[in-house]
>>> print(open('upload_31.txt').read())   # compact mmCIF, C-alpha atoms and all ligand atoms
# COMPACT_ATOMS: atom_id res chain seq x y z
CA MET G 3 -3.00 15.95 -31.24
CA SER G 4 -2.53 16.76 -27.53
CA ALA G 5 -1.66 13.97 -25.06
CA ALA G 6 -5.12 14.36 -23.52
CA ALA G 7 -6.84 14.06 -26.91
CA ALA G 8 -4.71 11.01 -27.71
CA ALA G 9 -5.63 9.44 -24.37
CA SER G 10 -9.35 9.95 -24.81
CA ASP G 11 -9.02 8.78 -28.42
CA HIS G 12 -7.74 5.27 -27.79
CA THR G 13 -8.38 4.34 -24.18
CA VAL G 14 -11.19 2.57 -22.38
CA PRO G 15 -12.51 5.00 -19.78
CA HIS G 16 -11.29 4.22 -16.27
CA ILE G 17 -14.12 2.73 -14.18
CA PRO G 18 -13.74 3.85 -10.54
CA VAL G 19 -13.40 0.91 -8.13
CA LEU G 20 -15.38 0.75 -4.82
CA LEU G 21 -16.52 4.37 -5.21
CA ARG G 22 -20.10 3.69 -4.08
CA SER G 23 -18.84 1.81 -0.99
CA ILE G 24 -16.58 4.74 -0.07
CA LEU G 25 -19.30 7.36 -0.50
CA GLU G 26 -21.74 5.31 1.59
CA ALA G 27 -19.15 4.69 4.33
CA VAL G 28 -18.07 8.35 4.68
CA ALA G 29 -21.53 9.95 4.24
CA PRO G 30 -22.44 12.74 4.65
CA VAL G 31 -19.64 14.15 2.48
CA THR G 32 -19.00 17.77 3.48
CA GLY G 33 -16.14 20.28 3.58
CA VAL G 34 -12.71 19.96 1.98
CA TRP G 35 -11.53 16.63 0.55
CA ILE G 36 -8.23 15.59 -0.98
CA ASP G 37 -8.27 13.06 -3.81
CA GLY G 38 -4.59 12.01 -3.87
CA THR G 39 -5.00 9.88 -7.01
CA LEU G 40 -7.07 11.91 -9.48
CA GLY G 41 -6.62 9.64 -12.54
CA ALA G 42 -9.68 10.02 -14.78
CA GLY G 43 -11.50 11.86 -11.97
CA GLY G 44 -14.09 9.25 -10.95
CA TYR G 45 -13.55 9.73 -7.20
CA THR G 46 -13.22 13.52 -7.47
CA ARG G 47 -16.51 13.82 -9.38
CA GLY G 48 -18.16 11.39 -6.93
CA LEU G 49 -17.06 13.48 -3.93
CA LEU G 50 -18.15 16.78 -5.48
CA GLU G 51 -21.52 15.36 -6.46
CA ALA G 52 -21.99 13.82 -2.99
CA GLY G 53 -21.62 17.25 -1.34
CA ALA G 54 -17.92 18.12 -0.87
CA ALA G 55 -17.55 21.91 -0.86
CA ARG G 56 -14.07 21.65 -2.38
CA VAL G 57 -11.82 18.90 -3.70
CA ILE G 58 -8.05 19.25 -4.07
CA ALA G 59 -7.29 16.64 -6.72
CA ILE G 60 -3.68 15.50 -6.99
CA ASP G 61 -1.92 13.32 -9.55
CA ARG G 62 1.74 12.96 -10.44
CA ASP G 63 0.83 12.23 -14.08
CA PRO G 64 0.62 15.40 -16.24
CA LEU G 65 -1.91 13.62 -18.48
CA ALA G 66 -4.46 13.31 -15.64
CA ILE G 67 -4.01 17.04 -14.94
CA GLU G 68 -4.45 17.97 -18.61
CA LEU G 69 -7.63 15.89 -18.90
CA ALA G 70 -9.10 17.44 -15.73
CA GLU G 71 -8.76 20.92 -17.17
CA ASP G 72 -11.45 19.88 -19.65
CA TRP G 73 -13.94 17.79 -17.65
CA GLY G 74 -13.37 19.78 -14.45
CA ALA G 75 -14.33 23.20 -15.87
CA PRO G 76 -18.03 23.03 -14.80
CA TYR G 77 -16.99 22.61 -11.13
CA GLY G 78 -15.28 26.05 -11.09
CA ASP G 79 -13.55 26.95 -7.81
CA ALA G 80 -14.85 23.81 -6.07
CA LEU G 81 -12.15 21.81 -7.88
CA GLU G 82 -8.43 22.52 -7.55
CA VAL G 83 -6.19 20.28 -9.66
CA VAL G 84 -2.53 19.90 -8.69
CA GLN G 85 0.31 17.99 -10.33
CA ALA G 86 2.21 16.56 -7.35
CA ARG G 87 2.92 13.39 -5.42
CA PHE G 88 0.30 12.56 -2.81
CA SER G 89 3.07 12.46 -0.19
CA GLU G 90 3.07 16.28 -0.60
CA MET G 91 -0.70 16.69 -0.06
CA ASP G 92 -0.24 18.80 3.07
CA HIS G 93 1.74 21.38 1.04
CA HIS G 94 -1.44 22.25 -0.86
CA VAL G 95 -4.04 22.63 1.89
CA GLU G 96 -3.82 23.22 5.64
CA GLU G 97 -6.64 20.99 6.85
CA ALA G 98 -8.97 18.48 5.22
CA ASP G 99 -12.21 16.70 6.17
CA GLY G 100 -11.29 13.65 4.12
CA VAL G 101 -8.56 11.99 2.07
CA VAL G 102 -9.07 9.28 -0.56
CA LEU G 103 -6.31 7.24 -2.22
CA ASP G 104 -6.98 4.77 -5.04
CA LEU G 105 -3.53 3.25 -5.58
CA GLY G 106 -1.80 1.93 -8.67
CA VAL G 107 -2.23 2.76 -12.33
CA SER G 108 -5.30 3.95 -14.23
CA SER G 109 -6.76 2.28 -17.31
CA MET G 110 -5.66 5.36 -19.28
CA GLN G 111 -2.04 4.70 -18.33
CA LEU G 112 -2.27 0.95 -19.02
CA ASP G 113 -3.98 1.41 -22.36
CA GLN G 114 -1.41 3.78 -23.84
CA ALA G 115 1.29 1.52 -25.29
CA GLU G 116 3.81 4.37 -25.34
CA ARG G 117 3.66 4.67 -21.51
CA GLY G 118 5.18 1.18 -21.27
CA PHE G 119 3.00 -0.14 -18.41
CA SER G 120 1.45 -3.06 -20.30
CA PHE G 121 2.99 -6.40 -21.25
CA GLN G 122 0.19 -6.82 -23.78
CA LYS G 123 1.01 -3.78 -25.93
CA ASP G 124 4.42 -3.11 -27.43
CA GLY G 125 5.95 0.13 -26.23
CA PRO G 126 9.13 1.57 -24.75
CA LEU G 127 10.09 0.29 -21.27
CA ASP G 128 9.00 3.49 -19.52
CA MET G 129 6.40 3.02 -16.66
CA ARG G 130 6.95 6.49 -15.18
CA MET G 131 3.66 7.86 -13.83
CA GLY G 132 5.18 11.33 -13.49
CA GLN G 133 6.88 11.11 -16.89
CA ALA G 134 10.24 12.10 -15.34
CA GLY G 135 13.17 10.40 -13.59
CA ARG G 136 14.48 6.84 -13.99
CA SER G 137 12.52 4.65 -16.39
CA ALA G 138 11.95 0.89 -16.38
CA ALA G 139 14.55 0.61 -19.19
CA ASP G 140 17.16 2.22 -16.92
CA ILE G 141 16.51 -0.35 -14.18
CA VAL G 142 16.18 -3.35 -16.51
CA ASN G 143 19.38 -2.52 -18.40
CA GLU G 144 21.57 -1.14 -15.60
CA ALA G 145 20.69 -2.77 -12.28
CA ASP G 146 22.85 -5.59 -10.91
CA GLU G 147 21.36 -9.05 -11.26
CA ALA G 148 20.92 -9.34 -7.46
CA VAL G 149 19.13 -5.98 -7.26
CA LEU G 150 16.81 -6.98 -10.13
CA ALA G 151 16.02 -10.25 -8.36
CA ASP G 152 15.25 -8.34 -5.13
CA ILE G 153 12.90 -5.96 -6.96
CA LEU G 154 11.01 -8.87 -8.56
CA PHE G 155 10.76 -10.79 -5.29
CA LEU G 156 10.05 -7.99 -2.82
CA TYR G 157 7.76 -5.85 -4.96
CA GLY G 158 6.12 -8.51 -7.15
CA GLU G 159 6.28 -11.57 -4.86
CA GLU G 160 7.74 -13.37 -7.91
CA ARG G 161 9.11 -16.72 -6.73
CA ALA G 162 11.18 -17.21 -9.90
CA SER G 163 12.87 -13.83 -9.33
CA ARG G 164 16.46 -15.13 -9.53
CA ARG G 165 15.82 -17.11 -12.74
CA ILE G 166 14.11 -14.14 -14.39
CA ALA G 167 16.82 -11.67 -13.26
CA ARG G 168 19.51 -13.97 -14.74
CA ALA G 169 17.64 -14.20 -18.06
CA ILE G 170 17.13 -10.41 -18.21
CA VAL G 171 20.84 -9.74 -17.64
CA LYS G 172 21.71 -12.26 -20.39
CA ALA G 173 19.25 -10.69 -22.87
CA ARG G 174 20.26 -7.03 -22.28
CA PRO G 175 19.83 -4.49 -23.73
CA LEU G 176 16.01 -4.74 -23.66
CA GLU G 177 14.14 -1.81 -25.17
CA THR G 178 10.45 -2.71 -25.33
CA THR G 179 7.70 -4.15 -23.15
CA LEU G 180 7.17 -7.15 -25.44
CA GLU G 181 10.90 -7.97 -25.51
CA LEU G 182 10.88 -8.03 -21.70
CA ALA G 183 7.59 -9.97 -21.51
CA ASN G 184 9.05 -12.64 -23.86
CA VAL G 185 12.17 -13.03 -21.70
CA ILE G 186 9.98 -13.44 -18.57
CA CYS G 187 7.59 -15.88 -20.28
CA ALA G 188 10.53 -18.08 -21.36
CA CYS G 189 11.43 -18.54 -17.65
CA LEU G 190 7.97 -19.57 -16.45
CA PRO G 191 5.35 -22.22 -17.19
CA ARG G 192 2.59 -21.18 -19.59
CA ALA G 193 -0.45 -19.71 -17.76
CA LYS G 194 -3.41 -22.09 -17.34
CA PRO G 195 -6.87 -20.79 -18.27
CA GLY G 196 -8.00 -18.30 -15.61
CA GLN G 197 -4.43 -17.67 -14.39
CA ALA G 198 -2.73 -14.30 -14.71
CA HIS G 199 -0.24 -13.68 -17.55
CA PRO G 200 3.24 -14.89 -16.43
CA ALA G 201 4.70 -11.36 -16.73
CA THR G 202 2.09 -9.77 -14.41
CA ARG G 203 4.15 -9.97 -11.19
CA SER G 204 7.42 -8.80 -12.79
CA PHE G 205 5.76 -5.83 -14.52
CA GLN G 206 4.06 -4.87 -11.25
CA ALA G 207 7.40 -5.07 -9.43
CA LEU G 208 9.21 -2.88 -11.96
CA ARG G 209 6.41 -0.30 -11.94
CA ILE G 210 6.56 -0.13 -8.13
CA ALA G 211 10.37 0.34 -8.23
CA VAL G 212 10.25 2.98 -11.00
CA ASN G 213 7.63 5.03 -9.13
CA GLU G 214 8.95 4.27 -5.61
CA GLU G 215 5.37 3.36 -4.78
CA TYR G 216 5.90 1.87 -1.31
CA ALA G 217 7.91 4.79 0.04
CA GLU G 218 5.27 7.10 -1.50
CA LEU G 219 2.48 5.11 0.18
CA VAL G 220 3.97 5.37 3.68
CA ASP G 221 4.81 9.06 3.17
CA GLY G 222 1.29 9.62 1.77
CA LEU G 223 -0.39 7.97 4.78
CA GLU G 224 1.71 10.13 7.10
CA ALA G 225 0.82 13.25 5.10
CA ALA G 226 -2.88 12.30 5.44
CA GLU G 227 -2.37 11.95 9.19
CA ARG G 228 -0.90 15.48 9.31
CA VAL G 229 -3.58 17.13 7.16
CA LEU G 230 -6.78 15.49 8.45
CA ARG G 231 -8.68 17.43 11.10
CA PRO G 232 -10.00 15.54 14.14
CA GLY G 233 -12.98 13.53 12.85
CA GLY G 234 -11.60 13.65 9.29
CA GLN G 235 -11.89 10.43 7.28
CA LEU G 236 -9.30 8.38 5.38
CA ALA G 237 -10.24 5.86 2.65
CA VAL G 238 -7.54 3.82 0.89
CA VAL G 239 -8.09 1.33 -1.96
CA THR G 240 -5.26 -1.13 -2.68
CA PHE G 241 -4.84 -3.73 -5.43
CA HIS G 242 -2.31 -6.26 -4.14
CA SER G 243 -1.22 -7.89 -0.93
CA VAL G 244 2.01 -6.02 -0.13
CA GLU G 245 0.25 -2.68 -0.62
CA ASP G 246 -2.70 -3.76 1.54
CA ARG G 247 -0.35 -5.03 4.26
CA ILE G 248 1.35 -1.62 4.48
CA VAL G 249 -2.01 0.19 4.85
CA LYS G 250 -3.32 -2.40 7.31
CA ARG G 251 -0.23 -2.27 9.54
CA PHE G 252 -0.03 1.55 9.36
CA LEU G 253 -3.62 1.83 10.57
CA GLN G 254 -3.14 -0.91 13.21
CA VAL G 255 -0.09 0.90 14.61
CA LYS G 256 -1.87 4.26 14.51
CA ALA G 257 -5.07 2.93 16.08
CA ASP G 258 -3.26 1.07 18.86
CA ALA G 259 -3.51 2.64 22.28
CA GLY G 260 -0.52 0.58 23.50
CA GLY G 261 -0.16 -0.03 27.23
CA GLY G 262 -1.00 -3.69 26.74
CA GLY G 263 2.34 -5.40 27.41
CA SER G 264 2.37 -9.13 28.16
CA ARG G 265 3.95 -11.63 30.51
CA HIS G 266 7.02 -11.69 28.23
CA ALA G 267 7.24 -8.07 27.07
CA PRO G 268 7.73 -5.03 29.26
CA GLN G 269 4.68 -2.87 29.87
CA GLU G 270 4.53 -0.17 27.14
CA ALA G 271 3.40 3.33 27.98
CA ALA G 272 -0.22 3.99 26.93
CA ARG G 273 -0.47 6.34 23.94
CA THR G 274 -3.26 8.29 22.30
CA PRO G 275 -4.00 6.74 18.91
CA GLN G 276 -4.02 8.97 15.81
CA PHE G 277 -6.82 7.02 14.09
CA THR G 278 -9.79 4.84 14.95
CA LEU G 279 -10.61 2.05 12.48
CA LYS G 280 -14.04 2.06 10.84
CA SER G 281 -13.83 -1.72 10.69
CA ARG G 282 -11.13 -4.30 11.45
CA LYS G 283 -11.56 -6.08 8.11
CA ALA G 284 -10.98 -4.56 4.68
CA MET G 285 -14.05 -4.14 2.46
CA ALA G 286 -14.06 -5.85 -0.95
CA PRO G 287 -16.16 -5.29 -4.08
CA ASP G 288 -19.29 -7.44 -4.46
CA ALA G 289 -19.81 -9.92 -7.30
CA ASP G 290 -21.79 -7.38 -9.39
CA GLU G 291 -18.96 -4.84 -9.28
CA ILE G 292 -16.37 -7.48 -10.21
CA ALA G 293 -18.55 -8.68 -13.11
CA ALA G 294 -18.90 -5.09 -14.40
CA ASN G 295 -15.22 -4.23 -13.82
CA PRO G 296 -12.73 -7.12 -13.62
CA ARG G 297 -10.00 -4.64 -12.50
CA ALA G 298 -11.91 -4.48 -9.16
CA ARG G 299 -11.21 -8.19 -8.50
CA SER G 300 -8.28 -7.73 -6.12
CA ALA G 301 -9.34 -4.38 -4.60
CA LYS G 302 -9.53 -3.81 -0.83
CA LEU G 303 -10.84 -0.74 0.95
CA ARG G 304 -9.68 0.35 4.41
CA LEU G 305 -11.31 3.24 6.28
CA ALA G 306 -10.25 5.15 9.38
CA VAL G 307 -11.16 8.33 11.26
CA ARG G 308 -8.56 10.81 12.56
CA THR G 309 -8.47 11.55 16.28
CA ASP G 310 -7.10 14.71 17.88
CA ALA G 311 -3.75 13.11 18.85
CA MET G 312 -0.57 14.77 17.56
CA PRO G 313 0.86 13.21 14.37
CA GLU G 314 3.79 10.86 14.91
CA ALA G 315 6.27 9.42 12.35
CA ALA G 316 5.69 5.67 11.87
CA ASP G 317 8.49 3.14 12.27
CA PRO G 318 8.90 1.59 8.76
CA ARG G 319 9.92 -1.75 10.34
CA ALA G 320 6.48 -1.97 11.98
CA LEU G 321 4.78 -1.62 8.59
CA GLY G 322 6.02 -4.80 6.90
CA MET G 323 7.33 -2.66 4.10
CA PRO G 324 9.98 -4.09 1.77
CA ASP G 325 12.91 -1.72 2.11
CA PRO G 326 13.04 0.16 -1.20
CA LYS G 327 16.59 1.31 -0.51
CA ARG G 328 17.73 -2.29 -0.35
CA ALA G 329 16.26 -3.13 -3.72
CA TYR G 330 16.81 0.02 -5.71
C1 LIG B 401 -6.07 3.88 -10.00
S1 LIG B 401 -5.77 5.47 -10.65
C2 LIG B 401 -6.97 6.48 -9.88
C3 LIG B 401 -8.28 6.48 -10.60
C4 LIG B 401 -9.29 7.45 -10.04
N1 LIG B 401 -9.71 7.12 -8.69
C5 LIG B 401 -10.51 7.52 -10.95
O1 LIG B 401 -11.61 7.22 -10.47
O2 LIG B 401 -10.36 7.87 -12.11
C6 LIG B 401 -4.32 5.95 -9.81
C7 LIG B 401 -3.81 7.32 -10.21
O3 LIG B 401 -2.96 7.76 -9.15
C8 LIG B 401 -1.81 8.34 -9.68
N2 LIG B 401 -0.78 8.13 -8.66
C9 LIG B 401 -0.25 6.95 -8.26
N3 LIG B 401 0.66 7.15 -7.29
C10 LIG B 401 0.67 8.49 -7.06
C11 LIG B 401 1.39 9.33 -6.15
N4 LIG B 401 2.27 8.83 -5.30
N5 LIG B 401 1.14 10.66 -6.17
C12 LIG B 401 0.23 11.19 -7.05
N6 LIG B 401 -0.46 10.44 -7.95
C13 LIG B 401 -0.25 9.11 -7.95
C14 LIG B 401 -1.56 7.62 -10.98
O4 LIG B 401 -0.81 8.45 -11.85
C15 LIG B 401 -2.99 7.36 -11.48
O5 LIG B 401 -3.42 8.39 -12.31
>>> encode(input="upload_31.txt", output="structure tokens")
Amino acid sequence: MSAAAAASDHTVPHIPVLLRSILEAVAPVTGVWIDGTLGAGGYTRGLLEAGAARVIAIDRDPLAIELAEDWGAPYGDALEVVQARFSEMDHHVEEADGVVLDLGVSSMQLDQAERGFSFQKDGPLDMRMGQAGRSAADIVNEADEAVLADILFLYGEERASRRIARAIVKARPLETTLELANVICACLPRAKPGQAHPATRSFQALRIAVNEEYAELVDGLEAAERVLRPGGQLAVVTFHSVEDRIVKRFLQVKADAGGGGSRHAPQEAARTPQFTLKSRKAMAPDADEIAANPRARSAKLRLAVRTDAMPEAADPRALGMPDPKRAY
């Protein structure tokens, strides 16, 4: 059985989060769009059906690409599917009218035990979206205790990071997701009803480290800035606070005209912002969407419109980004 057949055989279909809100906010959808996180194709199909002339759909996971060959066939030349990182989006098209990013993992990835993303299904400690490079097992079994603690704290906001890192080092080698989840659970109080599973934050942190998700996010936002034409729209959906903070600060920095200064700070030179914000606050799913799709619970949507200012590299210190080089 092919990987794609196996995925469609035993996974819950991925329900796209905040798709209707995006399509309403960016309407009318025309021209060339980049979907940087193809997954099961919910956003790509939504954009094509809303009027996009062409969608370049990118995913680093070969499984998403394989699945799209099947469901994407009826769209013909209007759909171009590319296996790549979204930080490379501007290598695949010169100019775009819109870019959408729906960060994190898909239900298809979570549901396949052998991908190692879930602490609820026993599988190898893998967690590689692109199915290549360093796996979670490599980090868990080889990283220094201090580095492990940094990963858990900076990427998962896990307050018991030191205690968990010590327990992991003592229990090594760890081969499977359930072995790791048991070590983490032994370090933390049992979850009360309604609280997340105790391993949630640590698994999130390891997944972010394995896939270098924060560096990818900043590089992806900068690639969107380079590829969007003036008036082009950017929509980013995040699922946890560190991720949202990076997007929020990136857009604040890029939408700031500077020149403000203050009594205490020297007057900065005015600059032409690269983006204008569609709204200051992030949009969130309504109660109906959360009831229909609990995965939407923590989602936030930020929207911005590209100006005609030249692209400019962002200063990572201004983005509140945990330094991946320090932790990895
Ligand atoms: C939340 S899912 C997207 C779901 C999609 N919007 C849908 O409606 O089916 C995120 C997808 O993005 C992919 N992904 C995450 N980070 C990526 C990156 N830096 N470059 C390319 N793909 C990435 C993952 O492999 C996953 O398939």
>>> closest_residue(input="upload_31.txt", among="G:Tyr77, G:Phe241, G:Phe88, G:Phe155", to="ligand LIG 401 (chain B)", atoms="all atoms listed in the file")
G:Phe88
>>> residues_near_ligand(input="upload_31.txt", ligand="ligand LIG 401 (chain B)", cutoff="7 Å", atoms="all atoms listed in the file", output="PyMOL selection string")
chain G and resi 16-19+38-45+60-63+66+86-89+104-108+131-132+215+218-219
>>> closest_atom_pairs(input="upload_31.txt", of="region 11-85 of chain G", to="region 280-287 of chain G", cutoff="12 Å", atoms="only C-alpha atoms", output="CSV")
residue,atom,partner,partner_atom,distance
G:Pro18,CA,G:Pro287,CA,11.5
G:Val19,CA,G:Pro287,CA,7.9
G:Leu20,CA,G:Pro287,CA,6.1
G:Leu21,CA,G:Pro287,CA,9.7
G:Arg22,CA,G:Pro287,CA,9.8
G:Ser23,CA,G:Pro287,CA,8.2
G:Ile24,CA,G:Met285,CA,9.6
G:Ala27,CA,G:Lys280,CA,8.7
G:Val28,CA,G:Lys280,CA,9.7
>>> residues_around(input="upload_31.txt", residues="Pro200 (chain G)", least_positions_apart="2", cutoff="9 Å", atoms="only C-alpha atoms", output="CSV table (one decimal) with C-alpha atoms, in the frame of the given file")
chain,number,residue,atom,x,y,z
G,183,ALA,CA,7.6,-10.0,-21.5
G,186,ILE,CA,10.0,-13.4,-18.6
G,187,CYS,CA,7.6,-15.9,-20.3
G,190,LEU,CA,8.0,-19.6,-16.4
G,191,PRO,CA,5.4,-22.2,-17.2
G,192,ARG,CA,2.6,-21.2,-19.6
G,193,ALA,CA,-0.4,-19.7,-17.8
G,197,GLN,CA,-4.4,-17.7,-14.4
G,198,ALA,CA,-2.7,-14.3,-14.7
G,202,THR,CA,2.1,-9.8,-14.4
G,203,ARG,CA,4.2,-10.0,-11.2
G,204,SER,CA,7.4,-8.8,-12.8
>>> atom_distance(input="upload_31.txt", atom1="CA of Asp128 (chain G)", atom2="CA of Cys189 (chain G)")
22.2 Å
>>> closest_residue(input="upload_31.txt", among="G:Glu227, G:Asp258, G:Asp113, G:Asp288", to="Glu314 (chain G)", atoms="all atoms listed in the file")
G:Glu227
>>> residues_around(input="upload_31.txt", residues="Ala315 (chain G)", least_positions_apart="5", cutoff="12 Å", atoms="all atoms listed in the file", output="PyMOL selection string")
chain G and resi 220-228+252+255-256+276+320-321
>>> atom_distance(input="upload_31.txt", atom1="CA of Gly233 (chain G)", atom2="CA of Asp317 (chain G)")
23.9 Å
>>> atom_distance(input="upload_31.txt", atom1="CA of Ala55 (chain G)", atom2="CA of Pro232 (chain G)")
18.0 Å
>>> closest_residue(input="upload_31.txt", among="G:Asn143, G:Thr178, G:Thr274, G:Gln254", to="Arg304 (chain G)", atoms="all atoms listed in the file")
G:Gln254
>>> residues_around(input="upload_31.txt", residues="Phe121 (chain G)", least_positions_apart="3", cutoff="8 Å", atoms="only C-alpha atoms", output="NGL selection string")
:G and (118 or 124 or 179-180 or 183 or 201-202 or 205)
>>> residues_near_point(input="upload_31.txt", point="(-15.3, 14.0, -4.4)", cutoff="9 Å", atoms="all atoms listed in the file", output="count of residues only")
23
>>> closest_residue(input="upload_31.txt", among="G:Ala272, G:Asp140, G:Pro126, G:Leu305", to="Val249 (chain G)", atoms="all atoms listed in the file")
G:Leu305
>>> closest_residue(input="upload_31.txt", among="G:Leu236, G:Val84, G:Leu154, G:Leu279", to="Arg168 (chain G)", atoms="only C-alpha atoms")
G:Leu154
>>> closest_residue(input="upload_31.txt", among="G:Pro195, G:Pro64, G:Gly100, G:Gly234", to="Arg130 (chain G)", atoms="only C-alpha atoms")
G:Pro64
>>> build_atoms(input="upload_31.txt", residues="region 282-294 of chain G", atoms="N, CA and C atoms", output="PDB file, in the coordinates of the input")
ATOM      1  N   ARG G 282     -12.405  -3.587  11.359  1.00  0.00           N
ATOM      2  CA  ARG G 282     -11.130  -4.300  11.450  1.00  0.00           C
ATOM      3  C   ARG G 282     -10.769  -4.897  10.088  1.00  0.00           C
ATOM      4  N   LYS G 283     -11.812  -5.389   9.389  1.00  0.00           N
ATOM      5  CA  LYS G 283     -11.560  -6.080   8.110  1.00  0.00           C
ATOM      6  C   LYS G 283     -11.653  -5.095   6.950  1.00  0.00           C
ATOM      7  N   ALA G 284     -10.877  -5.384   5.891  1.00  0.00           N
ATOM      8  CA  ALA G 284     -10.980  -4.560   4.680  1.00  0.00           C
ATOM      9  C   ALA G 284     -12.289  -4.876   3.967  1.00  0.00           C
ATOM     10  N   MET G 285     -12.866  -3.884   3.277  1.00  0.00           N
ATOM     11  CA  MET G 285     -14.050  -4.140   2.460  1.00  0.00           C
ATOM     12  C   MET G 285     -13.601  -4.545   1.061  1.00  0.00           C
ATOM     13  N   ALA G 286     -14.401  -5.399   0.403  1.00  0.00           N
ATOM     14  CA  ALA G 286     -14.060  -5.850  -0.950  1.00  0.00           C
ATOM     15  C   ALA G 286     -15.258  -5.583  -1.869  1.00  0.00           C
ATOM     16  N   PRO G 287     -15.035  -5.511  -3.168  1.00  0.00           N
ATOM     17  CA  PRO G 287     -16.160  -5.290  -4.080  1.00  0.00           C
ATOM     18  C   PRO G 287     -17.087  -6.510  -4.107  1.00  0.00           C
ATOM     19  N   ASP G 288     -18.378  -6.284  -4.376  1.00  0.00           N
ATOM     20  CA  ASP G 288     -19.290  -7.440  -4.460  1.00  0.00           C
ATOM     21  C   ASP G 288     -19.220  -8.049  -5.869  1.00  0.00           C
ATOM     22  N   ALA G 289     -19.913  -9.171  -6.042  1.00  0.00           N
ATOM     23  CA  ALA G 289     -19.810  -9.920  -7.300  1.00  0.00           C
ATOM     24  C   ALA G 289     -20.272  -9.065  -8.486  1.00  0.00           C
ATOM     25  N   ASP G 290     -21.290  -8.214  -8.277  1.00  0.00           N
ATOM     26  CA  ASP G 290     -21.790  -7.380  -9.390  1.00  0.00           C
ATOM     27  C   ASP G 290     -20.712  -6.406  -9.848  1.00  0.00           C
ATOM     28  N   GLU G 291     -20.005  -5.803  -8.882  1.00  0.00           N
ATOM     29  CA  GLU G 291     -18.960  -4.840  -9.280  1.00  0.00           C
ATOM     30  C   GLU G 291     -17.828  -5.557 -10.017  1.00  0.00           C
ATOM     31  N   ILE G 292     -17.464  -6.755  -9.550  1.00  0.00           N
ATOM     32  CA  ILE G 292     -16.370  -7.480 -10.210  1.00  0.00           C
ATOM     33  C   ILE G 292     -16.791  -7.892 -11.625  1.00  0.00           C
ATOM     34  N   ALA G 293     -18.069  -8.284 -11.780  1.00  0.00           N
ATOM     35  CA  ALA G 293     -18.550  -8.680 -13.110  1.00  0.00           C
ATOM     36  C   ALA G 293     -18.507  -7.474 -14.059  1.00  0.00           C
ATOM     37  N   ALA G 294     -18.861  -6.284 -13.538  1.00  0.00           N
ATOM     38  CA  ALA G 294     -18.900  -5.090 -14.400  1.00  0.00           C
ATOM     39  C   ALA G 294     -17.499  -4.539 -14.642  1.00  0.00           C
TER      40      ALA G 294
END
